[in-house]
2 protein chains.
Amino acid sequence: MKTSQLYGGIEAGGTKFVCVVASDPGRVVEEIRFPTTTPEETLQNSIKFFQPFVESGQIHSIGIGCFGPLDLDPTSPTYGHILSTPKPHWSNADVLGTLRRALNVKLTLDMDVNVAGLGEHIWGASRGLDPSLYLTIGTGIGGGYIKDGKPLIGMLNLEMGHLRIPHDRELDPFNGSCPFHRDCFEGLASGPAIEKRLGVTGAVVPEEDAFWDIEVEYIASALMNYILTLSPKKIILGGGVMQREFLFPKIRQRVRALLNGYVVHKNLLETIDQYIVPPALGNRSGSMGAVALASLTA
Amino acid sequence: MKTSQLYGGIEAGGTKFVCVVASDPGRVVEEIRFPTTTPEETLQNSIKFFQPFVESGQIHSIGIGCFGPLDLDPTSPTYGHILSTPKPHWSNADVLGTLRRALNVKLTLDMDVNVAGLGEHIWGASRGLDPSLYLTIGTGIGGGYIKDGKPLIGMLNLEMGHLRIPHDRELDPFNGSCPFHRDCFEGLASGPAIEKRLGVTGAVVPEEDAFWDIEVEYIASALMNYILTLSPKKIILGGGVMQREFLFPKIRQRVRALLNGYVVHKNLLETIDQYIVPPALGNRSGSMGAVALASLTA
């Protein structure tokens with residue numbers, strides 16, 4: 001990667017868009033943030049931001065990390081569209097096509113979690129560690145698994161937020177909030193699941209509340225499953241729920257207890273504090289990941 | 001791969017060893033099977049079988065798919081040893097070293113499930129499909145995930161038999177048989193778990209027995225999790241429990257019901273009969289996989 005070269009990056013989230021022109025996290029030439037309204041308005045704002053950099057020849061490539069579900073099959077007629085989503089106005093929005101028609105540069109699109117995982121892999125907490133896992137626990141739960149320097153895609157993109165995990169209904173009678181699976185991981189542990197269960201957002205639930213042990217149990221169960229099936233060298237937990245930093249030591253302790261000595265590696269036995277960590281790029285994993293995506297595909 | 005070239009393959013199982021000299025499943029020059037007794041006797045039997053082929057220069061490479069847990073870290077002083085195992089005599093057995101000292105050929109060792117998955121990927125049910133998943137449900141439960149033509153290894157080998165999955169104790173009060181995790185997937189659904197629960201081996205439990213719905217629920221839950229985290233293009237189910245062929249349609253139906261339309265792909269919606277399948281190589285996935293391993297590393 002030529003670090004002097006500038007690239008465009010779009011973190012296209014369901015709440016806000018972040019557009020940057022940068023070469024790396026230490027050199028961000030320009031950045032803009034605006035709320036996600038209609039596809040027309042939001043994509044037009046993005047186009048206006050990048051247009052001068054494209055016309056002056058300063059950038060030749062833009063990466064996009066977008067919320068989903070996305071059609072990422074290049075042979076599909078709706079490639080680059082958002083598929084059916086509860087987010088008003090955005091079902092069937094042609095994100096990639098709209099940007100391509102307006103901006104004469106190479107544009108590359110991937111799922112938000114894949115792109116954030118890539119950002120952390122290139123410049124953040126999982127730098128030089130392959131494979132690695134980036135998980136977001138917020139409005140939804142999703143994960144990007146970086147293997148051989150790029151997000152793993154199989155038959156389809158990974159959808160690891162919807163794991164089936166143990167749910168003790170005596171401890172937690174909540175039925176779950178996932179419209180597809182009810183009490184899958186996302187249905188039990190996402191931000192909306194917390195809010196639906198407790199009537200308030202997780203941001204205001206006190207650290208001492210007994211609920212957090214339940215939340216920790218779900219997150220630790222899912223992490224145990226990811227460790228057994230994906231064996232990442234680093235696990236990065238981002239997203240709104242993980243803003244509550246006191247959760248990290250509880251999760252680490254519970255993962256170790258659940259594995260019960262089965263996976264014998266110093267990352268779990270001795271240095272688990274450095275194994276399950278917050279994003280090193282903070283709230284810039286997504287936008288800088290988009291820059292990384294642009295640079296890798298330029 | 002030169003199909004005319006001969007290779008050695010060892011399926012080193014906890015019950016029996018299978019040694020073959022072959023170029024591919026259509027050309028097996030010689031094959032021998034013997035029970036797994038002590039490491040000394042069993043490995044000596046393997047050496048005797050291969051010695052003439054090695055001395056005559058007919059084979060230059062032998063692949064080994066071995067039961068575990070194995071030390072597969074080449075930098076470890078116990079590389080190629082079996083680690084702590086309940087199998088009498090085999091804890092700390094130096095499988096690779098013993099064979100290397102006796103046979104002047106290239107020897108390559110991997111986990112039994114990785115090797116069987118490789119055999120199916122080269123010549124069997126997942127031929128040409130990447131990534132693919134081979135799962136054995138028998139004395140233990142384990143999986144090999146073939147990605148970019150080789151078994152995926154991360155921080156360590158995958159141990160996907162020990163997933164945490166929902167366990168409804170009203171339907172199935174059995175506590176689970178895993179010494180590490182009690183009611184993980186292996187602890188609930190392996191052959192020994194069935195036998196401990198019912199008092200008889202699964203082989204003699206009638207097809208109509210209500211227990212099979214419980215078994216199917218566990219297998220389908222685990223497969224759903226593998227689909228969401230690994231997105232394989234083919235899932236192959238081998239091992240003793242899966243000898244009961246009536247389980248396949250029940251498992252397919254339940255996987256589809258659990259996913260509930262969430263993963264939109266024709267493999268799940270239309271052609272699931274060809275997506276979740278028995279091994280095409282039958283009981284030769286392991287031995288032919290070992291031949292494939294030898295040929296790939298020759």
# chains A, B, ... in the order shown; residues from 1 in each chain; ligands from 1
call {"tool": "residues_around", "arguments": {"residues": "Glu40 (chain A)", "least_positions_apart": "4", "cutoff": "9 Å", "atoms": "only C-alpha atoms", "output": "JSON, numbers by chain"}}
result
{"A": [44, 45, 93, 98]}
call {"tool": "write_last_selection", "arguments": {"atoms": "C-alpha atoms", "output": "PDB file, in the first residue's frame"}}
result
ATOM      1  CA  GLN A  44     -26.133  12.983  -2.983  1.00  0.00           C
ATOM      2  CA  ASN A  45     -24.345  14.392   0.090  1.00  0.00           C
ATOM      3  CA  ALA A  93     -31.719   1.310  -2.684  1.00  0.00           C
ATOM      4  CA  THR A  98     -25.965   5.592  -7.696  1.00  0.00           C
TER       5      THR A  98
END
call {"tool": "closest_atom_pairs", "arguments": {"of": "region 40-65 of chain B", "to": "region 4-20 of chain B", "cutoff": "8 Å", "atoms": "only C-alpha atoms", "output": "Markdown table"}}
result
| residue | atom | partner | partner_atom | distance |
| --- | --- | --- | --- | --- |
| B:Thr42 | CA | B:Phe17 | CA | 7.7 |
| B:Ser46 | CA | B:Cys19 | CA | 6.7 |
| B:Phe49 | CA | B:Cys19 | CA | 7.6 |
| B:Phe50 | CA | B:Gly8 | CA | 7.5 |
| B:Gln58 | CA | B:Leu6 | CA | 6.6 |
| B:Ile59 | CA | B:Tyr7 | CA | 5.4 |
| B:His60 | CA | B:Tyr7 | CA | 7.0 |
| B:Ser61 | CA | B:Tyr7 | CA | 5.7 |
| B:Ile62 | CA | B:Gly8 | CA | 4.2 |
| B:Gly63 | CA | B:Gly9 | CA | 4.9 |
| B:Ile64 | CA | B:Ile10 | CA | 4.7 |
| B:Gly65 | CA | B:Glu11 | CA | 5.1 |
call {"tool": "write_last_selection", "arguments": {"atoms": "C-alpha atoms", "output": "CSV table (one decimal), in the first residue's frame"}}
result
chain,number,residue,atom,x,y,z
B,42,THR,CA,-0.1,-50.3,15.8
B,46,SER,CA,1.9,-49.5,9.7
B,49,PHE,CA,3.0,-52.3,5.5
B,50,PHE,CA,4.7,-49.3,3.9
B,58,GLN,CA,7.2,-46.6,-5.3
B,59,ILE,CA,6.1,-44.0,-2.8
B,60,HIS,CA,7.9,-40.9,-1.6
B,61,SER,CA,5.2,-39.3,0.5
B,62,ILE,CA,2.7,-40.5,3.1
B,63,GLY,CA,-0.3,-38.6,4.6
B,64,ILE,CA,-1.7,-39.3,8.0
B,65,GLY,CA,-5.2,-38.4,9.3
call {"tool": "closest_residue", "arguments": {"among": "B:Gly199, B:Pro69, B:Gly289, B:Gly239", "to": "chain A", "atoms": "only C-alpha atoms"}}
result
B:Pro69
call {"tool": "closest_atom_pairs", "arguments": {"of": "chain B", "to": "chain A", "cutoff": "9 Å", "atoms": "only C-alpha atoms", "output": "CSV"}}
result
residue,atom,partner,partner_atom,distance
B:Asp130,CA,A:Gly154,CA,7.4
B:Pro131,CA,A:Gly154,CA,5.9
B:Ser132,CA,A:Gly154,CA,8.6
B:Gly143,CA,A:Thr229,CA,8.7
B:Tyr145,CA,A:Thr229,CA,8.8
B:Lys147,CA,A:Gly154,CA,8.7
B:Leu152,CA,A:Leu230,CA,8.3
B:Ile153,CA,A:Ser231,CA,7.3
B:Gly154,CA,A:Ser231,CA,4.8
B:Met155,CA,A:Lys233,CA,5.1
B:Leu156,CA,A:Ser231,CA,6.1
B:Asn157,CA,A:Ser231,CA,7.1
B:Leu158,CA,A:Thr229,CA,5.5
B:Glu159,CA,A:Leu228,CA,4.8
B:Met160,CA,A:Leu228,CA,4.9
B:Gly161,CA,A:Leu228,CA,8.0
B:His162,CA,A:Leu228,CA,7.1
B:Leu163,CA,A:Asn225,CA,5.3
B:Arg164,CA,A:Ile165,CA,6.0
B:Ile165,CA,A:Ile165,CA,4.7
B:Pro166,CA,A:Pro166,CA,4.0
B:His167,CA,A:Pro166,CA,6.4
B:Asp168,CA,A:Pro166,CA,8.7
B:Phe180,CA,A:Asn260,CA,6.1
B:His181,CA,A:Leu258,CA,7.0
B:Ser221,CA,A:Arg164,CA,6.4
B:Ala222,CA,A:Arg164,CA,7.9
B:Met224,CA,A:Leu163,CA,7.4
B:Asn225,CA,A:Leu163,CA,5.3
B:Tyr226,CA,A:Thr229,CA,7.5
B:Ile227,CA,A:Leu158,CA,8.0
B:Leu228,CA,A:Glu159,CA,4.8
B:Thr229,CA,A:Met160,CA,5.0
B:Leu230,CA,A:Leu158,CA,6.7
B:Ser231,CA,A:Gly154,CA,4.8
B:Pro232,CA,A:Gly154,CA,5.7
B:Lys233,CA,A:Met155,CA,5.1
B:Lys234,CA,A:Met155,CA,8.8
B:Leu258,CA,A:His181,CA,7.0
B:Leu259,CA,A:His181,CA,7.2
B:Asn260,CA,A:Phe180,CA,6.1
B:Gly261,CA,A:Phe180,CA,7.6
B:Tyr262,CA,A:Phe180,CA,6.6
B:Val263,CA,A:Leu156,CA,8.2
B:Val264,CA,A:Leu156,CA,8.7
B:His265,CA,A:Leu156,CA,8.0
call {"tool": "select_by_dssp", "arguments": {"residues": "region 90-225 of chain A", "states": "helix (DSSP H, G or I)", "output": "ChimeraX atom specification"}}
result
/A:95-102,112-123,160-162,185-189,191-198,202-204,211-225
call {"tool": "residues_around", "arguments": {"residues": "Thr78 (chain B)", "least_positions_apart": "4", "cutoff": "10 Å", "atoms": "only C-alpha atoms", "output": "PyMOL selection string"}}
result
chain B and resi 70-74+82-83+92-94+96-97
call {"tool": "closest_residue", "arguments": {"among": "A:Thr108, A:Gln51, A:Thr139, A:Ser23", "to": "Ala193 (chain A)", "atoms": "only C-alpha atoms"}}
result
A:Thr139
call {"tool": "atom_distance", "arguments": {"atom1": "CA of Val54 (chain A)", "atom2": "CA of Thr36 (chain A)"}}
result
22.7 Å
call {"tool": "select_by_dssp", "arguments": {"residues": "region 33-116 of chain A", "states": "strand (DSSP E)", "output": "PyMOL selection string"}}
result
chain A and resi 33-35+61-66+106-111
call {"tool": "write_last_selection", "arguments": {"atoms": "N, CA and C atoms", "output": "JSON list (two decimals), in the first residue's frame"}}
result
[["chain", "number", "residue", "atom", "x", "y", "z"],
["A", 33, "ARG", "N", -19.53, 14.16, 8.36],
["A", 33, "ARG", "CA", -20.53, 13.24, 8.91],
["A", 33, "ARG", "C", -21.90, 13.84, 8.72],
["A", 34, "PHE", "N", -22.87, 13.04, 8.31],
["A", 34, "PHE", "CA", -24.25, 13.54, 8.20],
["A", 34, "PHE", "C", -25.22, 12.40, 8.45],
["A", 35, "PRO", "N", -26.44, 12.74, 8.91],
["A", 35, "PRO", "CA", -27.39, 11.67, 9.25],
["A", 35, "PRO", "C", -27.87, 10.93, 8.01],
["A", 61, "SER", "N", -10.04, 5.95, -6.18],
["A", 61, "SER", "CA", -10.66, 4.74, -5.64],
["A", 61, "SER", "C", -11.38, 5.08, -4.33],
["A", 62, "ILE", "N", -12.60, 4.58, -4.19],
["A", 62, "ILE", "CA", -13.39, 4.80, -2.96],
["A", 62, "ILE", "C", -13.90, 3.45, -2.46],
["A", 63, "GLY", "N", -13.73, 3.21, -1.16],
["A", 63, "GLY", "CA", -14.27, 2.00, -0.54],
["A", 63, "GLY", "C", -15.52, 2.35, 0.26],
["A", 64, "ILE", "N", -16.47, 1.42, 0.32],
["A", 64, "ILE", "CA", -17.73, 1.65, 1.04],
["A", 64, "ILE", "C", -18.02, 0.47, 1.96],
["A", 65, "GLY", "N", -18.17, 0.76, 3.22],
["A", 65, "GLY", "CA", -18.66, -0.25, 4.16],
["A", 65, "GLY", "C", -20.09, 0.10, 4.50],
["A", 66, "CYS", "N", -21.04, -0.74, 4.10],
["A", 66, "CYS", "CA", -22.45, -0.36, 4.16],
["A", 66, "CYS", "C", -23.26, -1.29, 5.06],
["A", 106, "LYS", "N", -12.96, 4.14, -9.25],
["A", 106, "LYS", "CA", -13.22, 2.75, -8.90],
["A", 106, "LYS", "C", -13.94, 2.72, -7.54],
["A", 107, "LEU", "N", -15.08, 2.04, -7.46],
["A", 107, "LEU", "CA", -15.85, 1.97, -6.21],
["A", 107, "LEU", "C", -15.98, 0.53, -5.77],
["A", 108, "THR", "N", -15.68, 0.26, -4.50],
["A", 108, "THR", "CA", -15.76, -1.11, -3.98],
["A", 108, "THR", "C", -16.64, -1.13, -2.75],
["A", 109, "LEU", "N", -17.57, -2.08, -2.74],
["A", 109, "LEU", "CA", -18.56, -2.15, -1.67],
["A", 109, "LEU", "C", -18.41, -3.45, -0.90],
["A", 110, "ASP", "N", -18.56, -3.37, 0.42],
["A", 110, "ASP", "CA", -18.63, -4.59, 1.25],
["A", 110, "ASP", "C", -19.49, -4.30, 2.48],
["A", 111, "MET", "N", -19.79, -5.35, 3.22],
["A", 111, "MET", "CA", -20.58, -5.22, 4.44],
["A", 111, "MET", "C", -19.83, -4.38, 5.49]]
call {"tool": "atom_distance", "arguments": {"atom1": "CA of Met242 (chain A)", "atom2": "CA of Leu269 (chain A)"}}
result
22.7 Å
call {"tool": "closest_residue", "arguments": {"among": "A:Glu41, A:Glu31, A:Glu217, A:Glu270", "to": "Arg254 (chain A)", "atoms": "only C-alpha atoms"}}
result
A:Glu217
call {"tool": "atom_distance", "arguments": {"atom1": "CA of Leu237 (chain A)", "atom2": "CA of Tyr134 (chain A)"}}
result
6.2 Å
